[in-house]
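The data block below is input_25.txt; it holds compact mmCIF, C-alpha atoms and all ligand atoms.
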```txt
# COMPACT_ATOMS: atom_id res chain seq x y z
CA MET X 1 184.31 253.87 63.82
CA PRO X 2 182.97 257.07 62.22
CA ILE X 3 182.48 256.58 58.51
CA HIS X 4 184.62 259.59 57.54
CA GLU X 5 187.68 258.00 59.16
CA HIS X 6 187.61 254.91 56.93
CA PRO X 7 185.49 255.77 53.88
CA THR X 8 184.52 252.93 51.63
CA LEU X 9 186.18 252.62 48.23
CA ALA X 10 182.98 253.93 46.59
CA GLN X 11 182.84 256.93 48.92
CA PHE X 12 186.52 257.65 48.41
CA LEU X 13 186.28 257.52 44.61
CA LEU X 14 183.13 259.64 44.45
CA GLN X 15 184.68 262.20 46.81
CA ASP X 16 187.83 262.31 44.67
CA LYS X 17 185.76 262.66 41.51
CA ARG X 18 183.75 265.54 43.04
CA SER X 19 186.76 267.40 44.39
CA ARG X 20 189.16 267.05 41.45
CA GLY X 21 186.81 266.43 38.54
CA ALA X 22 189.58 264.42 36.88
CA PHE X 23 187.43 261.45 35.87
CA GLY X 24 183.83 260.45 35.41
CA THR X 25 181.39 258.03 37.00
CA ASP X 26 182.25 255.39 34.40
CA LEU X 27 185.79 255.03 35.83
CA VAL X 28 184.36 254.84 39.36
CA GLN X 29 181.99 252.09 38.25
CA LEU X 30 184.75 250.18 36.49
CA LEU X 31 187.01 250.32 39.54
CA LEU X 32 184.16 249.11 41.73
CA ASP X 33 183.68 246.19 39.32
CA VAL X 34 187.41 245.44 39.60
CA ALA X 35 187.12 245.58 43.39
CA GLN X 36 184.23 243.09 43.19
CA ALA X 37 186.43 240.80 41.12
CA CYS X 38 189.19 241.06 43.73
CA LYS X 39 186.75 240.18 46.50
CA ALA X 40 185.58 237.14 44.57
CA VAL X 41 189.17 236.02 43.94
CA SER X 42 189.96 236.62 47.62
CA ARG X 43 187.10 234.32 48.68
CA THR X 44 188.16 231.67 46.19
CA VAL X 45 191.79 231.80 47.34
CA ALA X 46 190.75 231.71 51.00
CA GLY X 47 188.65 228.58 50.41
CA GLY X 48 191.87 226.77 49.57
CA SER X 49 191.85 223.02 49.83
CA LEU X 50 188.27 223.00 51.13
CA ARG X 51 187.07 224.22 47.74
CA GLY X 52 189.38 221.95 45.80
CA VAL X 53 190.91 224.90 43.98
CA PHE X 54 194.57 224.14 44.62
CA GLY X 55 196.88 222.41 42.18
CA SER X 56 197.55 222.53 38.49
CA ALA X 57 194.97 223.18 35.78
CA ASN X 58 197.02 220.83 33.57
CA ALA X 59 197.31 223.59 30.99
CA VAL X 60 199.94 226.03 29.81
CA ASN X 61 199.33 229.73 29.21
CA VAL X 62 200.59 231.95 26.39
CA GLN X 63 203.86 232.51 28.27
CA GLY X 64 204.51 228.77 28.38
CA GLU X 65 203.88 228.72 32.14
CA THR X 66 201.90 225.96 33.79
CA GLN X 67 198.58 227.36 34.91
CA ALA X 68 197.33 226.71 38.41
CA LYS X 69 193.60 225.99 38.74
CA LEU X 70 193.34 229.31 40.55
CA ASP X 71 194.99 231.16 37.64
CA VAL X 72 192.18 229.95 35.41
CA LEU X 73 189.43 230.64 37.96
CA ALA X 74 190.73 234.13 38.76
CA ASP X 75 190.90 234.94 35.05
CA GLU X 76 187.25 233.90 34.60
CA ILE X 77 186.20 235.88 37.67
CA PHE X 78 187.90 239.05 36.43
CA ARG X 79 186.37 238.84 32.98
CA GLU X 80 182.91 237.95 34.23
CA ARG X 81 182.87 240.79 36.79
CA THR X 82 184.24 243.51 34.54
CA GLU X 83 182.90 242.99 31.01
CA PHE X 84 179.21 243.21 31.91
CA GLY X 85 179.03 246.76 33.32
CA GLY X 86 179.39 248.66 30.05
CA HIS X 87 182.59 250.43 31.08
CA VAL X 88 185.22 248.47 29.15
CA ALA X 89 185.65 248.03 25.42
CA ALA X 90 187.89 244.98 25.87
CA VAL X 91 190.03 243.29 28.48
CA ALA X 92 193.47 241.70 28.26
CA SER X 93 194.81 239.13 30.67
CA GLU X 94 198.07 237.39 31.40
CA GLU X 95 196.16 234.17 30.89
CA GLN X 96 194.74 235.02 27.42
CA GLU X 97 196.83 235.21 24.28
CA GLU X 98 194.72 237.91 22.64
CA PRO X 99 192.62 240.75 24.08
CA VAL X 100 189.01 239.73 24.71
CA PRO X 101 186.39 242.16 23.35
CA VAL X 102 183.20 242.51 25.36
CA PRO X 103 180.47 240.19 24.05
CA GLN X 104 178.21 241.66 21.35
CA ASP X 105 175.16 241.80 23.61
CA TYR X 106 176.89 243.94 26.29
CA PRO X 107 177.37 247.69 25.94
CA ARG X 108 180.91 248.73 25.08
CA GLY X 109 182.61 251.32 27.30
CA ASP X 110 185.56 253.65 26.82
CA PHE X 111 188.22 251.82 28.82
CA LEU X 112 190.66 249.01 28.23
CA LEU X 113 191.35 246.87 31.29
CA LEU X 114 194.48 244.74 31.65
CA TYR X 115 195.15 242.33 34.48
CA ASP X 116 197.29 239.64 35.97
CA PRO X 117 194.41 237.89 37.72
CA LEU X 118 196.61 235.90 40.11
CA ASP X 119 200.16 237.12 40.60
CA GLY X 120 202.62 234.91 42.46
CA SER X 121 200.54 231.81 41.84
CA SER X 122 203.50 229.51 42.54
CA ASN X 123 202.90 230.52 46.17
CA ILE X 124 199.32 229.30 46.40
CA ASP X 125 200.03 225.75 47.43
CA VAL X 126 202.29 226.90 50.28
CA ASN X 127 199.77 229.46 51.58
CA VAL X 128 201.92 232.52 50.96
CA SER X 129 200.38 235.85 49.85
CA VAL X 130 199.27 236.18 46.25
CA GLY X 131 197.43 239.02 44.53
CA SER X 132 195.80 240.50 41.43
CA ILE X 133 197.23 243.42 39.43
CA PHE X 134 195.27 245.72 37.12
CA SER X 135 195.81 248.63 34.75
CA VAL X 136 193.25 250.90 33.07
CA LEU X 137 193.83 252.66 29.75
CA ARG X 138 191.48 254.66 27.57
CA ALA X 139 190.35 253.03 24.33
CA PRO X 140 191.99 255.24 21.70
CA ARG X 141 189.03 254.96 19.32
CA PRO X 142 185.93 255.10 21.58
CA GLY X 143 182.89 253.35 20.20
CA GLU X 144 184.82 251.38 17.58
CA PRO X 145 185.71 247.70 17.78
CA VAL X 146 188.95 247.23 19.68
CA GLU X 147 192.08 246.02 17.94
CA ALA X 148 195.03 244.45 19.73
CA ALA X 149 197.18 247.48 18.80
CA ASP X 150 194.86 249.74 20.84
CA PHE X 151 196.36 248.25 24.00
CA LEU X 152 199.94 249.10 23.04
CA GLN X 153 200.12 252.42 24.89
CA PRO X 154 202.94 253.51 27.19
CA GLY X 155 202.25 253.10 30.91
CA ALA X 156 202.35 256.88 31.36
CA ARG X 157 198.87 256.91 29.75
CA GLN X 158 197.29 254.72 32.43
CA VAL X 159 194.30 256.39 34.04
CA ALA X 160 194.28 254.04 37.00
CA ALA X 161 196.33 251.15 38.33
CA GLY X 162 196.36 248.98 41.39
CA TYR X 163 196.51 245.59 42.98
CA ALA X 164 194.76 243.47 45.56
CA ILE X 165 196.82 241.41 47.96
CA TYR X 166 195.39 238.27 49.50
CA GLY X 167 197.41 238.04 52.70
CA PRO X 168 196.53 237.96 56.40
CA SER X 169 193.97 240.58 55.38
CA THR X 170 192.79 241.40 51.87
CA LYS X 171 193.87 244.85 50.74
CA LEU X 172 193.30 246.93 47.64
CA VAL X 173 195.91 249.54 46.73
CA LEU X 174 194.95 252.01 44.06
CA THR X 175 195.97 255.12 42.17
CA VAL X 176 193.78 257.24 39.93
CA GLY X 177 196.64 259.64 39.26
CA SER X 178 196.59 261.48 42.56
CA GLY X 179 198.60 259.51 45.10
CA VAL X 180 198.36 255.93 46.27
CA HIS X 181 195.67 254.84 48.67
CA GLY X 182 195.29 251.54 50.53
CA PHE X 183 191.99 249.93 51.50
CA THR X 184 191.35 246.93 53.75
CA LEU X 185 188.49 244.52 53.10
CA ASP X 186 185.94 244.35 55.88
CA PRO X 187 185.10 240.67 55.43
CA VAL X 188 181.73 240.97 57.18
CA LEU X 189 180.24 243.89 55.24
CA GLY X 190 182.29 243.21 52.11
CA ASP X 191 183.47 246.84 51.87
CA PHE X 192 186.98 247.98 51.07
CA ARG X 193 187.64 250.76 53.65
CA LEU X 194 190.40 253.35 53.39
CA THR X 195 193.12 252.47 55.89
CA ARG X 196 196.30 253.92 54.33
CA PRO X 197 195.68 257.22 52.55
CA ASN X 198 198.60 258.80 50.64
CA MET X 199 201.12 255.98 50.86
CA THR X 200 204.64 257.29 50.31
CA ILE X 201 207.91 255.43 49.86
CA PRO X 202 210.88 256.69 51.87
CA ALA X 203 213.70 257.77 49.54
CA ALA X 204 216.33 255.87 51.54
CA THR X 205 216.23 252.20 52.48
CA LYS X 206 218.37 249.32 53.73
CA GLU X 207 216.25 246.57 52.19
CA PHE X 208 216.45 244.99 48.75
CA ALA X 209 214.54 242.17 47.06
CA VAL X 210 216.01 240.05 44.29
CA ASN X 211 216.12 236.38 43.33
CA ALA X 212 219.80 235.97 44.15
CA SER X 213 219.93 232.46 42.68
CA ASN X 214 220.06 234.15 39.26
CA SER X 215 223.12 236.26 40.11
CA ARG X 216 225.44 234.42 37.76
CA PHE X 217 223.21 235.45 34.85
CA TRP X 218 222.95 239.16 35.74
CA GLU X 219 224.56 242.07 33.96
CA ALA X 220 227.50 243.85 35.61
CA PRO X 221 225.63 246.90 37.03
CA VAL X 222 223.13 244.69 38.87
CA LYS X 223 225.88 242.39 40.17
CA ARG X 224 227.78 245.42 41.40
CA TYR X 225 224.76 246.87 43.19
CA VAL X 226 223.77 243.64 44.94
CA GLU X 227 227.33 242.76 45.90
CA GLU X 228 227.82 246.18 47.42
CA CYS X 229 224.64 245.71 49.47
CA MET X 230 225.81 242.27 50.58
CA ALA X 231 229.17 243.68 51.65
CA GLY X 232 227.29 245.66 54.32
CA ALA X 233 228.93 248.01 56.79
CA GLU X 234 232.44 246.95 55.73
CA GLY X 235 231.73 247.53 52.03
CA PRO X 236 231.49 250.69 49.92
CA ARG X 237 227.92 251.40 51.12
CA GLY X 238 229.06 251.53 54.73
CA LYS X 239 225.81 250.07 56.06
CA ASP X 240 224.21 246.68 56.49
CA PHE X 241 221.32 245.70 54.21
CA ASN X 242 218.50 243.25 54.67
CA MET X 243 217.25 241.00 51.86
CA ARG X 244 213.73 239.67 51.18
CA TRP X 245 212.34 237.51 48.36
CA ILE X 246 208.72 236.37 48.55
CA ALA X 247 208.42 235.46 44.85
CA SER X 248 205.07 237.28 44.74
CA MET X 249 205.57 240.69 43.18
CA VAL X 250 202.36 242.01 44.72
CA ALA X 251 203.70 241.20 48.18
CA GLU X 252 207.12 242.74 47.45
CA VAL X 253 205.57 245.96 46.09
CA HIS X 254 203.20 246.14 49.02
CA ARG X 255 206.11 245.89 51.46
CA ILE X 256 207.96 248.62 49.56
CA LEU X 257 204.91 250.91 49.58
CA VAL X 258 204.54 250.40 53.33
CA ARG X 259 208.15 250.64 54.52
CA GLY X 260 210.42 251.29 51.53
CA GLY X 261 212.91 249.07 49.77
CA VAL X 262 214.00 248.22 46.26
CA PHE X 263 212.82 245.35 44.04
CA LEU X 264 214.85 244.04 41.15
CA TYR X 265 213.87 241.55 38.47
CA PRO X 266 216.53 242.54 35.96
CA ARG X 267 217.09 241.08 32.53
CA ASP X 268 219.55 238.20 32.60
CA SER X 269 221.30 235.87 30.22
CA ARG X 270 218.96 232.87 30.60
CA PRO X 271 217.22 232.14 27.29
CA GLY X 272 213.71 233.18 28.45
CA SER X 273 214.85 236.20 30.47
CA ARG X 274 216.96 238.28 28.08
CA LYS X 275 214.20 240.90 27.94
CA GLY X 276 213.35 240.49 31.61
CA ARG X 277 210.99 238.11 33.36
CA LEU X 278 207.98 240.18 34.33
CA ARG X 279 205.39 241.40 31.87
CA LEU X 280 205.24 245.09 30.99
CA MET X 281 201.58 245.76 30.43
CA TYR X 282 199.88 244.13 33.42
CA GLU X 283 202.75 243.84 35.90
CA GLY X 284 205.45 246.44 35.17
CA ASN X 285 203.22 249.35 34.15
CA PRO X 286 200.63 249.28 36.92
CA MET X 287 203.28 248.70 39.59
CA SER X 288 205.43 251.49 38.14
CA MET X 289 202.52 253.94 38.21
CA LEU X 290 201.86 253.09 41.86
CA ILE X 291 205.54 253.38 42.77
CA GLU X 292 205.93 256.76 41.05
CA GLN X 293 202.69 258.06 42.51
CA ALA X 294 204.09 257.14 45.94
CA GLY X 295 207.31 259.08 45.31
CA GLY X 296 209.50 256.18 44.20
CA LEU X 297 211.10 255.38 40.85
CA SER X 298 210.78 252.54 38.36
CA THR X 299 213.28 251.80 35.61
CA THR X 300 214.62 249.06 33.38
CA GLY X 301 218.07 250.22 34.49
CA THR X 302 218.38 252.51 31.51
CA GLU X 303 214.85 253.72 30.80
CA ARG X 304 211.76 254.84 32.73
CA VAL X 305 209.34 251.92 32.55
CA LEU X 306 206.29 254.16 32.04
CA ASP X 307 207.86 255.65 28.88
CA ILE X 308 208.25 252.34 27.05
CA VAL X 309 206.14 252.14 23.90
CA PRO X 310 205.05 248.49 23.88
CA ASP X 311 205.21 246.38 20.76
CA GLU X 312 203.36 243.37 22.04
CA LEU X 313 200.76 242.64 24.69
CA HIS X 314 202.76 240.05 26.59
CA GLN X 315 206.21 241.59 26.26
CA ARG X 316 208.61 241.27 29.16
CA VAL X 317 210.51 244.05 30.85
CA PRO X 318 213.46 244.37 33.23
CA LEU X 319 212.10 245.93 36.40
CA ILE X 320 213.93 247.86 39.10
CA LEU X 321 211.64 249.86 41.37
CA GLY X 322 211.23 251.34 44.81
CA SER X 323 212.99 253.87 47.03
CA ALA X 324 214.29 256.73 44.89
CA GLU X 325 217.87 256.89 46.16
CA GLU X 326 218.53 253.19 45.50
CA VAL X 327 216.89 253.21 42.06
CA GLU X 328 218.92 256.30 41.13
CA ARG X 329 222.09 254.54 42.25
CA ILE X 330 221.29 251.47 40.14
CA GLN X 331 220.59 253.71 37.14
CA ALA X 332 223.93 255.43 37.70
CA TYR X 333 225.69 252.03 37.71
CA HIS X 334 224.04 251.28 34.35
CA ARG X 335 225.20 254.64 32.97
CA ALA X 336 228.72 254.03 34.24
CA GLY X 337 228.96 250.87 32.10
CA PRO X 338 231.13 247.89 32.97
CA GLU X 339 232.83 248.38 36.33
CA PRO X 340 235.05 246.04 38.28
CA VAL X 341 232.21 244.08 39.82
CA ILE X 342 233.98 242.39 42.66
CA ASP X 343 235.22 245.44 44.44
CA THR X 344 234.29 244.98 48.05
CA PRO X 345 236.28 243.83 51.08
CA LEU X 346 234.43 240.51 51.04
CA PHE X 347 235.84 239.74 47.63
CA ASN X 348 239.32 241.23 47.86
CA ALA X 349 242.56 239.28 48.30
CA ARG X 350 242.02 238.62 51.99
CA GLY X 351 238.23 238.51 51.83
CA LEU X 352 235.83 235.71 52.53
CA PHE X 353 234.82 235.11 48.92
CA ARG X 354 238.02 235.89 47.06
CA THR X 355 237.95 234.39 43.60
CA ALA X 356 241.66 233.73 43.05
O1 LIG Y 401 204.34 236.95 37.99
C1 LIG Y 401 205.60 236.51 38.06
C2 LIG Y 401 206.10 236.25 39.47
O2 LIG Y 401 205.37 235.23 40.11
C3 LIG Y 401 206.18 237.47 40.38
O3 LIG Y 401 205.05 237.63 41.18
C4 LIG Y 401 207.42 237.21 41.18
O4 LIG Y 401 208.06 238.40 41.56
C5 LIG Y 401 208.29 236.40 40.25
O5 LIG Y 401 207.43 235.83 39.27
C6 LIG Y 401 209.05 235.32 40.95
O6 LIG Y 401 209.99 234.83 40.09
P1 LIG Y 401 211.04 233.66 40.50
O7 LIG Y 401 210.22 232.39 40.48
O8 LIG Y 401 212.06 233.72 39.44
O9 LIG Y 401 211.54 233.97 41.87
MN MN Y 402 202.35 237.82 37.85
```

Can you present the structure in this file as structure tokens?
Amino acid sequence: MPIHEHPTLAQFLLQDKRSRGAFGTDLVQLLLDVAQACKAVSRTVAGGSLRGVFGSANAVNVQGETQAKLDVLADEIFRERTEFGGHVAAVASEEQEEPVPVPQDYPRGDFLLLYDPLDGSSNIDVNVSVGSIFSVLRAPRPGEPVEAADFLQPGARQVAAGYAIYGPSTKLVLTVGSGVHGFTLDPVLGDFRLTRPNMTIPAATKEFAVNASNSRFWEAPVKRYVEECMAGAEGPRGKDFNMRWIASMVAEVHRILVRGGVFLYPRDSRPGSRKGRLRLMYEGNPMSMLIEQAGGLSTTGTERVLDIVPDELHQRVPLILGSAEEVERIQAYHRAGPEPVIDTPLFNARGLFRTA
């Protein structure tokens, strides 16, 4: 295969830097460190039971979630691989309550790195795809010690964002503000090679992803949208939809970037989910940047996710993202306010699921 057809991640980034001049070598180096971390996590995940890395770490993280052993390992791998190079001033992780400054004896760089080192970790034990998500911000006060508040920047200020997915093959999907580009890991040479340049999300779709077991807790606009999809060709949408739920956001977003679709994890009335379930700074923001860079949209239902000014590192966010036409429709349902929710043939007087 000629090298120009599938450039390595390093070649791609250097070429982009030379042609656009939008970033410096330090960002290239940081992203290569992140890619190294992803490769190390990929190997650890792939070792599975043979490496004894499955199961619970018998600990609980800052979100009150039980940590898997791999959550803890992936967190250590990310920090170890990224804090040494002199490109970050501090890192923040889903698994750490506070940001972690780089150790005193390492040089401090100009970037802040945030990550969810192992997304979808409830899927590990059943051998379903998991991933890592990352977001890069500039340190607002370069050279000075980092404070927690320095991280609280809206997602629109991200300089890079991406994820790795550990599936049948390991892939890295990245944006540095000029489109979304997908790389596949060559497991023999250890290179990420460009395999999907300029990923774009079709504006129209017939596929949605939502955890439908929460439907009784949803707000009216989300109920309306999903019920109209479920009503299919006989309903107001006049077409049949397909539903998917992997419970690994990385895998859902990857599917949407490859073939379109819409993903919803809305806020709901359960006590822990009133502000949403997913975390803004290392799940919502990086995925929203990727989705927008690929021509899709990302919203809370009422607000562009990338415009949210965060007030805490681990804050949650309602997330509705993917194909533009569907996201616009869901936003319109939010603007319209309370509507008669059960308004499809399936639910009417003679319908299958009539309530009276
Ligand atoms: O990181 C949180 C996460 O694991 C996502 O990857 C996934 O989309 C979601 O939680 C699954 O949530 P639930 O268990 O409610 O289906
Ligand atoms: Mn996650």

Ligand MN 402 (chain Y): which residues are within 6 Å, counting all atoms listed in the file, as a compact mmCIF listing (two decimals) with C-alpha atoms, in the coordinates of the input?
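result23.txt, written as the output of this step:
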```txt
# COMPACT_ATOMS: atom_id res chain seq x y z
CA ASP X 116 197.29 239.64 35.97
CA ASP X 119 200.16 237.12 40.60
CA GLY X 120 202.62 234.91 42.46
```

- Which residues come within 8 Å of Tyr265 in chain X, counting only C-alpha atoms, excluding same-chain residues fewer than 2 positions away, as a PyMOL selection string? chain X and resi 210-211+263+267+276-278+318-320

Take every atom of ligand LIG 401 (chain Y) listed in the file, fit an axis-aligned box around them, add 8 Å per side, and give the centre and edge lengths in Å to one decimal as JSON.
```
{"center_x": 208.2, "center_y": 235.4, "center_z": 39.9, "size_x": 23.7, "size_y": 22.0, "size_z": 19.9}
```

- Task: Please provide as JSON, numbers by chain all residues within 8 Å of Gly179 in chain X, with the sequence filter that same-chain residues fewer than 2 positions apart are discarded (counting all atoms listed in the file).
- Result: {"X": [175, 176, 177, 181, 198, 199, 290, 293, 294]}

- Item | Straight-line distance linking CA of Asp105 in chain X with CA of Phe84 in chain X, stated in Å to one decimal |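 Between these atoms lies a distance of 9.3 Å.
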
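The protein and nucleic acid residues lying at most 7 Å from Phe217 in chain X are Asp268, Ser269 and Arg270 of chain X, with all atoms listed in the file considered and sequence neighbours fewer than 5 positions away removed.
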
Selection to disk with C-alpha atoms, as a CSV table (one decimal), in the coordinates of the input:
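The resulting file, selection-v9.csv, is shown below:
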```csv
chain,number,residue,atom,x,y,z
X,268,ASP,CA,219.6,238.2,32.6
X,269,SER,CA,221.3,235.9,30.2
X,270,ARG,CA,219.0,232.9,30.6
```

- Message: Just the number, please: distance in Å from CA of Thr195 in chain X to CA of Phe23 in chain X, one decimal.
- Response: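 CA of Phe23 in chain X lies at a distance of 22.7 Å from CA of Thr195 in chain X.
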
- So which one's closest to Thr200 in chain X, X:Gly296, X:Gly182, X:Gly162, X:Pro266? Using all atoms listed in the file, please.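 Of the candidates, the smallest distance to Thr200 in chain X is held by X:Gly296.
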
- Task: Provide the CA of Val34 in chain X to CA of Val258 in chain X distance in Å, to one decimal place.
- Result: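 Result for CA of Val34 in chain X versus CA of Val258 in chain X: 22.5 Å, one decimal.
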
- Query: Which residues come within 8 Å of Glu252 in chain X, counting only C-alpha atoms, excluding same-chain residues fewer than 6 positions away, as a VMD selection string?
  - Reply: chain X and resid 209 245 to 246 263

Suppose we keep C-alpha atoms; can you now write the selection as a PDB file, in the frame of the given file?
```
ATOM      1  CA  ALA X 209     214.540 242.170  47.060  1.00  0.00           C
ATOM      2  CA  TRP X 245     212.340 237.510  48.360  1.00  0.00           C
ATOM      3  CA  ILE X 246     208.720 236.370  48.550  1.00  0.00           C
ATOM      4  CA  PHE X 263     212.820 245.350  44.040  1.00  0.00           C
TER       5      PHE X 263
END
```

Neighbour list for Pro202 in chain X as a PDB file with C-alpha atoms, keeping the file's coordinate frame, cut-off 9 Å, only C-alpha atoms, skip fewer than 5 positions in-chain:
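Contents of out_0.pdb, as written:
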```
ATOM      1  CA  ILE X 256     207.960 248.620  49.560  1.00  0.00           C
ATOM      2  CA  LEU X 257     204.910 250.910  49.580  1.00  0.00           C
ATOM      3  CA  ARG X 259     208.150 250.640  54.520  1.00  0.00           C
ATOM      4  CA  GLY X 260     210.420 251.290  51.530  1.00  0.00           C
ATOM      5  CA  GLY X 261     212.910 249.070  49.770  1.00  0.00           C
ATOM      6  CA  GLY X 295     207.310 259.080  45.310  1.00  0.00           C
ATOM      7  CA  GLY X 296     209.500 256.180  44.200  1.00  0.00           C
ATOM      8  CA  GLY X 322     211.230 251.340  44.810  1.00  0.00           C
ATOM      9  CA  SER X 323     212.990 253.870  47.030  1.00  0.00           C
ATOM     10  CA  ALA X 324     214.290 256.730  44.890  1.00  0.00           C
TER      11      ALA X 324
END
```

- Message: Between X:Tyr225, X:Phe192, X:Phe111, X:Tyr163, which residue has the minimum interatomic distance to ligand LIG 401 (chain Y), considering all atoms listed in the file?
- Response: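 Result for the nearest residue to ligand LIG 401 (chain Y): X:Tyr163.
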
- Query: Looking at all atoms listed in the file, which of X:Val327, X:His254, X:Arg196, X:Pro236 is the one that sits closest to Glu5 in chain X?
  - Reply: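 For Glu5 in chain X, the nearest of the given residues is X:Arg196.
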
- Query: For Lys239 in chain X, which residue out of X:Arg279, X:Lys206, X:His4, X:Arg316 is the nearest one, using all atoms listed in the file?
  - Reply: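 Selected residue with least distance to Lys239 in chain X: X:Lys206.
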
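Minimum atom-to-atom distances from X:Ser273, X:Thr44, X:Ser248, X:Ser132 to Glu219 in chain X were compared using all atoms listed in the file, and the lowest value belongs to X:Ser273.
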
- Item | Sphere at (195.8, 244.0, 43.5), radius 7 Å, counting only C-alpha atoms: residues as a list in words |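 Final list of nearby residues, as requested, is Gly131, Ser132, Ile133, Phe134, Gly162, Tyr163, Ala164, Ile165, Leu172, Val173 and Val250 of chain X.
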
- Query: Which protein, DNA or RNA residues are at most 6 Å from (203.5, 226.7, 35.1) in the file's coordinates when you count all atoms listed in the file, listed as a PyMOL selection string?
  - Reply: chain X and resi 65-67

- Item | Using all atoms listed in the file: which of X:Val126, X:Leu174, X:Leu264, X:Met249 has the shortest distance to ligand LIG 401 (chain Y) | X:Met249
